[in-house]
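Student: Take this structure, written in structure tokens, and hold onto it; I'll ask about it next.
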Amino acid sequence: MKIVIVGGGTAGWIASYFIAKAQPGKHKITVIESSKLGIIGAGEGSTGALIELLNGSFFNAKIDIPTFMKETDGTFKMGIYHQNWSGDNTGYFAPLDASPTWANYTDSMFRHVLATYGKKQMFKSTQIGQNFEKGNWTKPEALHFDGHKVGEFFKKVCIQDGVTVIDSVVDNATFDDQGNIATLLLDNGKVVDGDLFIDCTGFARVLLKKLGVDWHSYTDFLPVNTAMPFIVEYAEGEQPLPLTKATALSSGWMWDIPLSTRRGCGYVFDRNFISEEDAQKEVEEYLGKKIKPIKIIKFDAGRSEQFWAKNVLALGLSAAFVEPLEATSIHSTIIQLLFFVKEYLLEDSNTTNTDYNRDSYNQKIRRLYDLQIDFISFHYQGGRTDSPFWKSIKENKKISHAASIYYERCKHKIPGILETNGMFGSPTAGLWNVIAGGLGLITPEQAYQELLELNLVESAENEYKKFANPAKDYIRYN
């Protein structure tokens, strides 16, 4: 098939790489991108999905991770440190993985660690958490990087594989009798035809808008709508930790991502409660230094009503934007591609572009993003009332329905695997419980009492000892 990807960037070039490597030689791939468009490159993080992509877990092709890191200013990431989300200036580390017993009906390992060590050391219940505590930071669980350089890295690989690149902007499109896009008319005068078009044009959603696909807003559940990215230079001798830091401020939160050469940061806030000028002042007071915002990004958190409409597939910010809190953007792009390429992309357009395929795919991806919004909205339920922004969240019950059920469950029992109704690529119950513990919604006393009622106090302690200090003949949890 002729596959035309509109928009380069991280999503566009990962899509090109994924399709070219997963189905080598089966498709003619063209990427249309414009050098006129600006870049940000402040700093971004990933989940383990990117490591799987680089390691060749999805198809028979690998990328050398040290080389990738060198060319993208990359550093290792083991999780997220959440600071001040309950308003008491305390923090907790949420590793990328869950405890080895998270999928059991009773997550005994997590309960034991929470009961014994409290929220500040909940991370000890996971393998990554154990590695972090012991200074074993050599395995790349996930990465931080300059997002623009990630796109450029995959672009270079794709060009070597024969992908065609056109530097231009889409002016218009023509359609066939069924309403599919037939050709794209570019501002350089060229006309590009294709069988399948992939919209990676970000918030502009250039192709989806031509098909009249609506946007499903998440603003009822997510309070932030503006991002102010900026860069902070390292102090002399400062060494990056393998953690993203997410610090709650008066009207949102600030990300702080350690790259190899600098820190990529940003304040994500609700402009209804703070002006851009005051947001900058707040960050400068918090950091104790002046900053220079790269740009102001206004957004409407949400997702497309359809991710595959006619012969157009949406990826990246064209498909959805939840917010940066749990590094879901690149993760979701990879999960979308995995579903699409492995299950639906065939050699010709007639067997690929069917009503059944589109309906099936859209149902899966809608659920993927809705589960993410549940997880993200739960992070804001620490009960803060120390500013108009946080007071509004509590008073207006700004939380998704599924997250509110989970929240209420925490009052009576630590939720388990049956509470999250997850799917492949979505946050597990084990990850939810770490956030609940960090926000104080579940407590060490509650965890101990549940172990006591189930007669698991001693067995959970013994299992944890083996896990934390394995003998040579003991198989460690993965």
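In the structure tokens, the first chain shown is A, the next is B, and so on; residue numbers restart at 1 for each chain, and ligands run from 1 in the order shown.
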What residues in range 277-337 of chain A get the DSSP label helix (DSSP H, G or I)? Please answer as a count of residues only.

Tutor: 27

Student: For Phe203 in chain A, work out the shell of residues within 10 Å, counting only C-alpha atoms and skipping chain neighbours fewer than 5 positions away, then give it as a PyMOL selection string.

Tutor: chain A and resi 298-300+316-321

Student: Give me, as CSV, each residue of range 125-156 of chain A that comes within 7 Å of range 3-13 of chain A, together with its shortest interatomic pair and the distance in Å at one decimal, counting only C-alpha atoms, with rows ordered by chain and rising residue number.

Tutor:
residue,atom,partner,partner_atom,distance
A:Gly147,CA,A:Thr10,CA,6.5
A:His148,CA,A:Gly9,CA,6.5
A:Val150,CA,A:Thr10,CA,6.1
A:Gly151,CA,A:Thr10,CA,4.1
A:Phe154,CA,A:Trp13,CA,5.6
A:Lys155,CA,A:Trp13,CA,5.6

Student: Tell me, counting only C-alpha atoms, for each residue of range 345-395 of chain A within 12 Å of range 231-249 of chain A, which pair of atoms is nearest and how far apart they are in Å to one decimal, in rows ordered by chain and increasing number, as a tab-separated table.

Tutor:
residue	atom	partner	partner_atom	distance
A:His379	CA	A:Ala248	CA	10.4
A:Tyr380	CA	A:Ala248	CA	9.3
A:Gln381	CA	A:Ala248	CA	12.0
A:Gly382	CA	A:Ala248	CA	10.6
A:Arg384	CA	A:Ala248	CA	10.3
A:Asp386	CA	A:Leu249	CA	10.2
A:Ser387	CA	A:Leu249	CA	9.3
A:Pro388	CA	A:Leu249	CA	11.7
A:Phe389	CA	A:Leu249	CA	9.7
A:Trp390	CA	A:Leu249	CA	9.5

Student: Could you check how far CA of Asp220 in chain A sits from CA of Gly302 in chain A, in Å to one decimal?

Tutor: 9.9 Å

Student: Excluding Ile29 in chain A and any residue of its chain fewer than 2 positions from it, enumerate the residues within 12 Å of it, using only C-alpha atoms, and give them as an MDAnalysis selection string.

Tutor: chainID A and resid 1:6 12:13 15:21 23:27 31:32 158:159 161:166 192:198

Student: Those residues you just picked out, can you put them in a file as a compact mmCIF listing (two decimals), in the first residue's frame with C-alpha atoms?

Tutor:
# COMPACT_ATOMS: atom_id res chain seq x y z
CA MET A 1 0.00 0.00 0.00
CA LYS A 2 0.90 3.65 -0.35
CA ILE A 3 1.02 4.98 3.20
CA VAL A 4 1.28 8.75 3.64
CA ILE A 5 2.18 10.12 7.07
CA VAL A 6 1.39 13.82 7.52
CA GLY A 12 5.18 10.53 12.69
CA TRP A 13 8.67 9.08 12.62
CA ALA A 15 4.98 5.37 12.99
CA SER A 16 7.16 5.27 9.90
CA TYR A 17 9.79 3.19 11.69
CA PHE A 18 7.25 0.80 13.19
CA ILE A 19 5.47 0.07 9.91
CA ALA A 20 8.69 -0.20 7.88
CA LYS A 21 10.26 -2.65 10.33
CA GLN A 23 6.17 -5.20 7.57
CA PRO A 24 9.39 -4.71 5.58
CA GLY A 25 8.96 -4.18 1.86
CA LYS A 26 5.16 -4.35 1.92
CA HIS A 27 4.38 -0.63 1.78
CA VAL A 31 6.31 11.37 5.31
CA ILE A 32 5.20 14.95 4.73
CA CYS A 158 13.71 5.57 8.14
CA ILE A 159 15.44 7.47 5.34
CA ASP A 161 15.24 2.24 4.86
CA GLY A 162 13.92 4.07 1.80
CA VAL A 163 11.13 6.18 3.32
CA THR A 164 10.38 9.25 1.18
CA VAL A 165 10.39 12.68 2.86
CA ILE A 166 8.61 15.76 1.49
CA VAL A 192 0.44 13.17 -3.23
CA ASP A 193 -1.87 10.20 -3.53
CA GLY A 194 -2.17 7.33 -1.07
CA ASP A 195 -4.20 4.38 0.16
CA LEU A 196 -3.80 5.03 3.87
CA PHE A 197 -3.10 8.40 5.49
CA ILE A 198 -1.80 8.86 9.03

Student: Using only C-alpha atoms, which protein or nucleic acid residues come within 7 Å of Leu184 in chain A? Drop anything in the same chain fewer than 2 positions from it, and give the result as a PyMOL selection string.

Tutor: chain A and resi 170+172-174+186+191-193

Student: Tell me, as a list in words, which residues lie within 12 Å of Thr351 in chain A, counting only C-alpha atoms; anything in the same chain fewer than 5 positions away does not count.

Tutor: Met1, Asp195, Leu196, Asn311, Glu343, Tyr344, Leu345, Leu346, Tyr356, Asn357 and Arg358 of chain A

Student: Check the smallest atom-to-atom distance from each of A:Phe58, A:Phe110, A:Phe93, A:Trp102 to Glu450 in chain A using only C-alpha atoms, then report the winner.

Tutor: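 Selected residue with least distance to Glu450 in chain A: A:Phe110.
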
Student: How many Å lie between CA of Val268 in chain A and CA of Ala227 in chain A, rounded to one decimal?

Tutor: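 Interatomic distance here is 4.3 Å.
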
Student: When you draw a straight line from CA of Glu44 in chain A to CA of His144 in chain A, how long is it in Å?

Tutor: 5.7 Å

Student: Can you pull out every residue within 6 Å of Met228 in chain A, counting only C-alpha atoms, but drop anything in the same chain fewer than 5 positions away, and send it as a PyMOL selection string?

Tutor: chain A and resi 266-267+296

Student: Pick out the closest residue to Asn469 in chain A from this set: A:Gln127, A:Ser35, A:Asn350, A:Ser217. Count only C-alpha atoms.

Tutor: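 The closest residue to Asn469 in chain A is A:Gln127.
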
Student: Quick one: residues within 9 Å of Leu143 in chain A, only C-alpha atoms counted, chain neighbours fewer than 4 positions away excluded, as a VMD selection string?

Tutor: chain A and resid 44 to 48 50 to 51 69 74 to 78 242

Student: Export, as a PDB file, in the first residue's frame, the selected residues with C-alpha atoms.

Tutor:
ATOM      1  CA  GLU A  44      10.154  14.315  27.732  1.00  0.00           C
ATOM      2  CA  GLY A  45       9.858  10.921  29.364  1.00  0.00           C
ATOM      3  CA  SER A  46       8.626   7.509  28.317  1.00  0.00           C
ATOM      4  CA  THR A  47       7.366   4.270  29.761  1.00  0.00           C
ATOM      5  CA  GLY A  48       8.897   0.858  29.154  1.00  0.00           C
ATOM      6  CA  LEU A  50       9.827   2.706  24.132  1.00  0.00           C
ATOM      7  CA  ILE A  51      12.498   0.355  25.488  1.00  0.00           C
ATOM      8  CA  MET A  69      20.574   7.883  24.304  1.00  0.00           C
ATOM      9  CA  GLY A  74      18.903  10.515  27.000  1.00  0.00           C
ATOM     10  CA  THR A  75      19.046   9.390  30.625  1.00  0.00           C
ATOM     11  CA  PHE A  76      17.585   6.399  32.442  1.00  0.00           C
ATOM     12  CA  LYS A  77      14.162   6.641  34.040  1.00  0.00           C
ATOM     13  CA  MET A  78      12.965   4.388  36.851  1.00  0.00           C
ATOM     14  CA  PRO A 242      16.840   8.376  37.109  1.00  0.00           C
TER      15      PRO A 242
END

Student: Which residue gives the smallest distance to Gly179 in chain A among A:Arg367, A:Thr138, A:Ala309, A:Ser332, with only C-alpha atoms counted?

Tutor: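 The shortest atom-to-atom distance to Gly179 in chain A comes from A:Ala309.
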